[in-house]
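**Student:** Before I ask anything, here is the structure I am working with.
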Amino acid sequence: MSLFPIDIEDEARRIVWALSERGLMISTAESCTGGLIIGALTDIAGSSAVVDRGFVTYTNEAKMDLLGVNATTLKAYGAVSEQTALQMVQGALFRSRADIAVAVTGIAGPGGGSAEKPVGLVHIAARNRSGTILHREMRYGDIGRTEVRLATLRTALEMVIEVAELE
């Protein structure tokens with residue numbers, strides 16, 4: 001029995017199996033999901049062959065210390081931005097042994113949103129060592145904290161499949 005909904009479990013299993021077959025590893029950098037992505041992957045038997053590490057960087061300090069996100073980026077664009085997500089994914093990739101990384105930063109709610117950055121805004125980035133970089137700005141809406149986090153998890157897994165060229 002999985003901790004996650006069946007569709008998420010299926011995607012995580014697909015990723016773990018495909019990465020294992022190719023001898024590839026993955027790392028994650030998570031803010032608003034708080035470790036759900038790495039949790040979904042490690043919920044799959046055999047994940048130890050493909051999961052290198054997960055960074056849960058909820059604060060700006062953690063983003064800077066663990067992932068190398070630039071303080072000027074955070075000041076200019078904020079934690080919830082394309083620029084921060086791209087620096088997070090780069091840090092997760094190059095501060096690990098992984099071949100693929102995914103990063104998420106957003107506002108899950110119920111509070112914390114603004115007119116510019118509403119609840120449900122999430123930036124997701126995925127990258128591989130070959131140089132393929134993906135970014136998506138998702139606006140899930142104020143659908144509830146759990147729902148925003150699960151929607152982010154689903155999108156992040158889709159992006160891993162895309163950047164790992166598993167399709």
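Ordered as shown in the structure tokens, chains take letters A, B, and onward, while each chain numbers its residues from 1 and ligands are numbered from 1 in the order shown.
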Got a sec: who's within 7 Å of segment 45-50 of chain A, counting only C-alpha atoms, leaving out chain neighbours fewer than 2 positions off, as a PyMOL selection string?
**Tutor:** chain A and resi 16+19-20+24-26+41-43+52
**Student:** Going by DSSP on the backbone, which bits of chain A are strand (DSSP E)? Write them as a ChimeraX atom specification, please.
**Tutor:** /A:26-30,51-56,100-106,121-128,133-139
**Student:** Would you save the residues from that selection as an mmCIF file, in the first residue's frame, using N, CA and C atoms?
**Tutor:**
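Output (part-v3.cif):
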```cif
data_model
loop_
_atom_site.group_PDB
_atom_site.id
_atom_site.type_symbol
_atom_site.label_atom_id
_atom_site.label_comp_id
_atom_site.auth_asym_id
_atom_site.auth_seq_id
_atom_site.Cartn_x
_atom_site.Cartn_y
_atom_site.Cartn_z
ATOM 1 N N ILE A 26 18.653 10.528 -9.671
ATOM 2 C CA ILE A 26 17.864 11.747 -9.567
ATOM 3 C C ILE A 26 18.053 12.384 -8.198
ATOM 4 N N SER A 27 17.953 13.723 -8.173
ATOM 5 C CA SER A 27 17.892 14.463 -6.918
ATOM 6 C C SER A 27 16.744 15.468 -7.025
ATOM 7 N N THR A 28 16.281 15.923 -5.867
ATOM 8 C CA THR A 28 15.178 16.879 -5.837
ATOM 9 C C THR A 28 15.542 18.065 -4.953
ATOM 10 N N ALA A 29 14.946 19.207 -5.250
ATOM 11 C CA ALA A 29 15.032 20.399 -4.406
ATOM 12 C C ALA A 29 13.602 20.881 -4.214
ATOM 13 N N GLU A 30 13.118 20.820 -2.983
ATOM 14 C CA GLU A 30 11.712 21.083 -2.731
ATOM 15 C C GLU A 30 11.507 22.151 -1.675
ATOM 16 N N VAL A 51 17.706 7.066 -6.576
ATOM 17 C CA VAL A 51 17.546 8.300 -5.808
ATOM 18 C C VAL A 51 18.855 8.618 -5.106
ATOM 19 N N ASP A 52 19.446 9.763 -5.467
ATOM 20 C CA ASP A 52 20.682 10.173 -4.819
ATOM 21 C C ASP A 52 20.393 10.938 -3.533
ATOM 22 N N ARG A 53 19.641 12.021 -3.648
ATOM 23 C CA ARG A 53 19.333 12.820 -2.460
ATOM 24 C C ARG A 53 18.201 13.786 -2.748
ATOM 25 N N GLY A 54 17.596 14.252 -1.653
ATOM 26 C CA GLY A 54 16.556 15.261 -1.747
ATOM 27 C C GLY A 54 16.878 16.410 -0.813
ATOM 28 N N PHE A 55 16.749 17.618 -1.330
ATOM 29 C CA PHE A 55 16.970 18.820 -0.540
ATOM 30 C C PHE A 55 15.603 19.431 -0.236
ATOM 31 N N VAL A 56 15.258 19.559 1.040
ATOM 32 C CA VAL A 56 14.060 20.292 1.414
ATOM 33 C C VAL A 56 14.547 21.643 1.905
ATOM 34 N N ILE A 100 19.764 13.786 -13.210
ATOM 35 C CA ILE A 100 18.522 14.519 -13.428
ATOM 36 C C ILE A 100 18.117 15.133 -12.101
ATOM 37 N N ALA A 101 17.555 16.346 -12.158
ATOM 38 C CA ALA A 101 17.046 16.986 -10.944
ATOM 39 C C ALA A 101 15.743 17.702 -11.248
ATOM 40 N N VAL A 102 14.959 17.871 -10.197
ATOM 41 C CA VAL A 102 13.716 18.626 -10.298
ATOM 42 C C VAL A 102 13.622 19.512 -9.061
ATOM 43 N N ALA A 103 13.083 20.724 -9.240
ATOM 44 C CA ALA A 103 12.953 21.679 -8.140
ATOM 45 C C ALA A 103 11.584 22.339 -8.177
ATOM 46 N N VAL A 104 11.047 22.617 -6.993
ATOM 47 C CA VAL A 104 9.749 23.285 -6.893
ATOM 48 C C VAL A 104 9.789 24.361 -5.815
ATOM 49 N N THR A 105 9.131 25.472 -6.106
ATOM 50 C CA THR A 105 8.967 26.543 -5.135
ATOM 51 C C THR A 105 7.636 27.222 -5.418
ATOM 52 N N GLY A 106 6.828 27.411 -4.383
ATOM 53 C CA GLY A 106 5.514 27.978 -4.624
ATOM 54 C C GLY A 106 4.790 28.367 -3.360
ATOM 55 N N LEU A 121 0.326 29.521 -6.968
ATOM 56 C CA LEU A 121 1.406 29.776 -7.920
ATOM 57 C C LEU A 121 2.604 28.907 -7.545
ATOM 58 N N VAL A 122 3.088 28.127 -8.498
ATOM 59 C CA VAL A 122 4.244 27.266 -8.265
ATOM 60 C C VAL A 122 5.153 27.311 -9.491
ATOM 61 N N HIS A 123 6.444 27.420 -9.241
ATOM 62 C CA HIS A 123 7.448 27.334 -10.303
ATOM 63 C C HIS A 123 8.161 25.994 -10.160
ATOM 64 N N ILE A 124 8.226 25.265 -11.255
ATOM 65 C CA ILE A 124 8.849 23.945 -11.276
ATOM 66 C C ILE A 124 9.911 23.941 -12.367
ATOM 67 N N ALA A 125 11.084 23.423 -12.032
ATOM 68 C CA ALA A 125 12.171 23.324 -13.003
ATOM 69 C C ALA A 125 12.732 21.913 -12.966
ATOM 70 N N ALA A 126 13.122 21.421 -14.130
ATOM 71 C CA ALA A 126 13.772 20.117 -14.246
ATOM 72 C C ALA A 126 14.964 20.280 -15.170
ATOM 73 N N ARG A 127 15.999 19.516 -14.899
ATOM 74 C CA ARG A 127 17.226 19.657 -15.685
ATOM 75 C C ARG A 127 17.973 18.341 -15.717
ATOM 76 N N ASN A 128 18.676 18.110 -16.819
ATOM 77 C CA ASN A 128 19.570 16.959 -16.885
ATOM 78 C C ASN A 128 20.985 17.444 -17.167
ATOM 79 N N ILE A 133 16.858 21.957 -19.988
ATOM 80 C CA ILE A 133 16.262 22.630 -18.834
ATOM 81 C C ILE A 133 14.806 22.922 -19.161
ATOM 82 N N LEU A 134 13.927 22.547 -18.255
ATOM 83 C CA LEU A 134 12.506 22.829 -18.403
ATOM 84 C C LEU A 134 12.048 23.715 -17.253
ATOM 85 N N HIS A 135 11.105 24.583 -17.525
ATOM 86 C CA HIS A 135 10.483 25.390 -16.472
ATOM 87 C C HIS A 135 8.996 25.498 -16.775
ATOM 88 N N ARG A 136 8.205 25.392 -15.735
ATOM 89 C CA ARG A 136 6.763 25.624 -15.874
ATOM 90 C C ARG A 136 6.292 26.504 -14.729
ATOM 91 N N GLU A 137 5.524 27.506 -15.072
ATOM 92 C CA GLU A 137 4.834 28.314 -14.072
ATOM 93 C C GLU A 137 3.409 27.786 -14.012
ATOM 94 N N MET A 138 3.050 27.249 -12.870
ATOM 95 C CA MET A 138 1.720 26.676 -12.696
ATOM 96 C C MET A 138 0.890 27.590 -11.799
ATOM 97 N N ARG A 139 -0.342 27.774 -12.190
ATOM 98 C CA ARG A 139 -1.287 28.548 -11.383
ATOM 99 C C ARG A 139 -2.476 27.642 -11.094
#
```
**Student:** Grab the atom CA of Ala76 of chain A to atom CA of Leu36 of chain A distance for me, in Å with one decimal place.
**Tutor:**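 Spanning atom CA of Ala76 of chain A to atom CA of Leu36 of chain A is a straight-line distance of 27.8 Å.
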**Student:** I'd like to know which of A:Ser2, A:Thr33, A:Asn70, A:Gln83 is closest to Arg149 of chain A, using only C-alpha atoms.
**Tutor:**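 Once distances to Arg149 of chain A are computed over only C-alpha atoms, the minimum belongs to A:Thr33.
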**Student:** For Ile38 of chain A, which residue out of A:Val89, A:Asp10, A:Ala79, A:Ala156 is the nearest one, using only C-alpha atoms?
**Tutor:** A:Ala156
**Student:** Between A:Val160, A:Cys32, A:Ile37, A:Ile15, which is the closest to Arg145 of chain A once you count only C-alpha atoms?
**Tutor:** A:Cys32
**Student:** Report, in Å to a single decimal, how far apart atom CA of Gly113 of chain A and atom CA of Leu93 of chain A are.
**Tutor:**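 Separating atom CA of Leu93 of chain A from atom CA of Gly113 of chain A is a distance of 28.9 Å.
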**Student:** Pick the closest to Lys63 of chain A from A:Ile6, A:Gly91, A:Glu82, A:Tyr140: which is it, counting only C-alpha atoms?
**Tutor:**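 Result for the nearest residue to Lys63 of chain A: A:Gly91.
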**Student:** Based on DSSP run over this structure's backbone, return all residues of chain A in helix (DSSP H, G or I), as a PyMOL selection string.
**Tutor:** chain A and resi 6-22+36-42+47-49+60-67+71-77+82-94+145-163
**Student:** Excluding Gly144 of chain A and any residue of its chain fewer than 5 positions from it, enumerate the residues within 10 Å of it, using only C-alpha atoms, and give them as an MDAnalysis selection string.
**Tutor:** chainID A and resid 108:110 119:120 149
**Student:** Using only N, CA and C atoms, please write the residues we just selected to a file, as a PDB file, in the first residue's frame.
**Tutor:**
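Written output follows (out26.pdb):
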```
ATOM      1  N   ALA A 108       1.550  27.291  -1.399  1.00  0.00           N
ATOM      2  CA  ALA A 108       0.514  26.275  -1.260  1.00  0.00           C
ATOM      3  C   ALA A 108      -0.721  26.787  -0.523  1.00  0.00           C
ATOM      4  N   GLY A 109      -0.542  27.833   0.260  1.00  0.00           N
ATOM      5  CA  GLY A 109      -1.665  28.411   0.986  1.00  0.00           C
ATOM      6  C   GLY A 109      -1.880  27.751   2.344  1.00  0.00           C
ATOM      7  N   PRO A 110      -2.939  28.100   3.022  1.00  0.00           N
ATOM      8  CA  PRO A 110      -4.014  28.956   2.551  1.00  0.00           C
ATOM      9  C   PRO A 110      -3.642  30.438   2.507  1.00  0.00           C
ATOM     10  N   VAL A 119      -1.987  32.489  -4.104  1.00  0.00           N
ATOM     11  CA  VAL A 119      -1.977  31.114  -3.620  1.00  0.00           C
ATOM     12  C   VAL A 119      -2.195  30.193  -4.817  1.00  0.00           C
ATOM     13  N   GLY A 120      -1.400  29.140  -4.880  1.00  0.00           N
ATOM     14  CA  GLY A 120      -1.491  28.197  -5.990  1.00  0.00           C
ATOM     15  C   GLY A 120      -0.454  28.432  -7.073  1.00  0.00           C
ATOM     16  N   ARG A 149      -0.207  20.994  -3.326  1.00  0.00           N
ATOM     17  CA  ARG A 149       1.013  20.198  -3.180  1.00  0.00           C
ATOM     18  C   ARG A 149       0.952  18.930  -4.031  1.00  0.00           C
TER      19      ARG A 149
END
```
**Student:** With only C-alpha atoms as the basis for distance, which of A:Ala92, A:Ala18, A:Ala40, A:Ile161 is at the shortest distance from Val69 of chain A?
**Tutor:** A:Ala92
